[in-house]
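K.L.:
Sharing a structure here in structure tokens format.
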Amino acid sequence: MSVSGLCQICESRPAQERCDNCGTLACMEHYERGMGLCADCVARADPGRDSDDVDVHRF
Ligand SMILES: [Zn+2]
Ligand SMILES: [Zn+2]
């Protein structure tokens with residue numbers, strides 16, 4: 001399924017997909033097909049985001 005409009009992240013390429021999470025239109029560069037998420041949400045949903053917690057491991 002294709003969408004019309006510009007990628008809302010880079011605003012320079014035609015959008016190819018719509019983020020399942022936030023609905024942002026994203027071009028192929030800013031859409032993670034495997035996850036169905038835009039680059040913004042991928043960054044937030046990053047499984048290795050231990051840094052989300054307080055920096056308890058910091059010296
Ligand atoms: Zn883009
Ligand atoms: Zn998103």
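In the structure tokens, the first chain shown is A, the next is B, and so on; residue numbers restart at 1 for each chain, and ligands run from 1 in the order shown.
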When you look at range 36-48 of chain A with a cut-off of 9 Å (counting only C-alpha atoms), what residues show up, excluding the ones that are within fewer than 4 positions of it in the same chain? I need them as a list in words.

P.N.:
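The contact residues come out as Ile9, Glu17, Arg18, Cys19, Asp20, Asn21, Cys22, Gly23, Thr24, Leu25, Ala26, Cys27, Glu29, His30, Tyr31 and Glu32 of chain A.
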
K.L.:
Kindly export the residues of the current selection with N, CA and C atoms, as an mmCIF file, in the first residue's frame.

P.N.:
data_model
loop_
_atom_site.group_PDB
_atom_site.id
_atom_site.type_symbol
_atom_site.label_atom_id
_atom_site.label_comp_id
_atom_site.auth_asym_id
_atom_site.auth_seq_id
_atom_site.Cartn_x
_atom_site.Cartn_y
_atom_site.Cartn_z
ATOM 1 N N ILE A 9 9.605 13.267 7.849
ATOM 2 C CA ILE A 9 10.846 13.335 8.606
ATOM 3 C C ILE A 9 11.886 14.166 7.862
ATOM 4 N N GLU A 17 5.546 4.868 3.069
ATOM 5 C CA GLU A 17 4.769 4.113 4.056
ATOM 6 C C GLU A 17 4.309 5.032 5.177
ATOM 7 N N ARG A 18 3.359 4.501 5.949
ATOM 8 C CA ARG A 18 2.879 5.246 7.095
ATOM 9 C C ARG A 18 3.213 4.471 8.362
ATOM 10 N N CYS A 19 3.747 5.170 9.323
ATOM 11 C CA CYS A 19 4.156 4.532 10.573
ATOM 12 C C CYS A 19 2.945 3.932 11.287
ATOM 13 N N ASP A 20 3.077 2.691 11.720
ATOM 14 C CA ASP A 20 1.988 2.026 12.424
ATOM 15 C C ASP A 20 1.733 2.657 13.779
ATOM 16 N N ASN A 21 2.750 3.244 14.332
ATOM 17 C CA ASN A 21 2.643 3.761 15.696
ATOM 18 C C ASN A 21 2.135 5.201 15.747
ATOM 19 N N CYS A 22 2.776 6.096 14.997
ATOM 20 C CA CYS A 22 2.409 7.506 15.102
ATOM 21 C C CYS A 22 1.727 8.046 13.857
ATOM 22 N N GLY A 23 1.702 7.237 12.777
ATOM 23 C CA GLY A 23 1.012 7.689 11.580
ATOM 24 C C GLY A 23 1.824 8.628 10.713
ATOM 25 N N THR A 24 3.068 8.840 11.079
ATOM 26 C CA THR A 24 3.935 9.695 10.278
ATOM 27 C C THR A 24 4.184 9.069 8.916
ATOM 28 N N LEU A 25 4.136 9.888 7.875
ATOM 29 C CA LEU A 25 4.480 9.413 6.543
ATOM 30 C C LEU A 25 5.986 9.412 6.433
ATOM 31 N N ALA A 26 6.513 8.311 5.918
ATOM 32 C CA ALA A 26 7.965 8.217 5.843
ATOM 33 C C ALA A 26 8.431 7.635 4.514
ATOM 34 N N CYS A 27 9.565 8.118 4.043
ATOM 35 C CA CYS A 27 10.171 7.566 2.838
ATOM 36 C C CYS A 27 10.897 6.277 3.219
ATOM 37 N N GLU A 29 13.905 5.614 3.420
ATOM 38 C CA GLU A 29 15.053 5.820 4.307
ATOM 39 C C GLU A 29 14.636 6.006 5.751
ATOM 40 N N HIS A 30 13.417 6.464 5.927
ATOM 41 C CA HIS A 30 12.971 6.769 7.285
ATOM 42 C C HIS A 30 11.856 5.862 7.747
ATOM 43 N N TYR A 31 11.788 4.696 7.121
ATOM 44 C CA TYR A 31 10.772 3.725 7.511
ATOM 45 C C TYR A 31 11.422 2.362 7.661
ATOM 46 N N GLU A 32 11.185 1.736 8.770
ATOM 47 C CA GLU A 32 11.719 0.394 9.005
ATOM 48 C C GLU A 32 10.629 -0.611 8.693
#

K.L.:
List the spatial neighbours of Gly5 in chain A as a PyMOL selection string - criterion: any atom at most 9 Å away, only C-alpha atoms, same-chain residues fewer than 6 positions off excluded.

P.N.:
chain A and resi 13-16+25

K.L.:
Keeping only all heavy atoms, write those residues as a tab-separated table (two decimals), in the first residue's frame.

P.N.:
chain	number	residue	atom	x	y	z
A	13	ARG	N	11.71	13.62	0.30
A	13	ARG	CA	11.42	12.47	-0.56
A	13	ARG	C	9.94	12.15	-0.45
A	13	ARG	O	9.32	12.40	0.58
A	13	ARG	CB	12.19	11.23	-0.10
A	13	ARG	CG	13.68	11.36	-0.20
A	13	ARG	CD	14.25	10.23	0.65
A	13	ARG	NE	15.69	10.37	0.81
A	13	ARG	CZ	16.58	9.83	-0.01
A	13	ARG	NH1	16.17	9.12	-1.01
A	13	ARG	NH2	17.85	10.01	0.20
A	14	PRO	N	9.40	11.53	-1.50
A	14	PRO	CA	8.00	11.09	-1.42
A	14	PRO	C	7.85	10.00	-0.37
A	14	PRO	O	8.68	9.11	-0.26
A	14	PRO	CB	7.70	10.56	-2.82
A	14	PRO	CG	8.98	10.49	-3.55
A	14	PRO	CD	10.01	11.27	-2.80
A	15	ALA	N	6.80	10.10	0.40
A	15	ALA	CA	6.56	9.09	1.43
A	15	ALA	C	6.17	7.77	0.78
A	15	ALA	O	5.48	7.74	-0.22
A	15	ALA	CB	5.45	9.57	2.36
A	16	GLN	N	6.64	6.69	1.38
A	16	GLN	CA	6.33	5.35	0.87
A	16	GLN	C	5.41	4.60	1.81
A	16	GLN	O	4.61	3.80	1.37
A	16	GLN	CB	7.62	4.54	0.71
A	16	GLN	CG	8.63	5.18	-0.21
A	16	GLN	CD	8.17	5.15	-1.66
A	16	GLN	OE1	7.48	4.23	-2.08
A	16	GLN	NE2	8.55	6.15	-2.43
A	25	LEU	N	4.14	9.89	7.88
A	25	LEU	CA	4.48	9.41	6.54
A	25	LEU	C	5.99	9.41	6.43
A	25	LEU	O	6.64	10.37	6.82
A	25	LEU	CB	3.88	10.34	5.48
A	25	LEU	CG	2.36	10.45	5.48
A	25	LEU	CD1	1.91	11.47	4.44
A	25	LEU	CD2	1.71	9.12	5.23
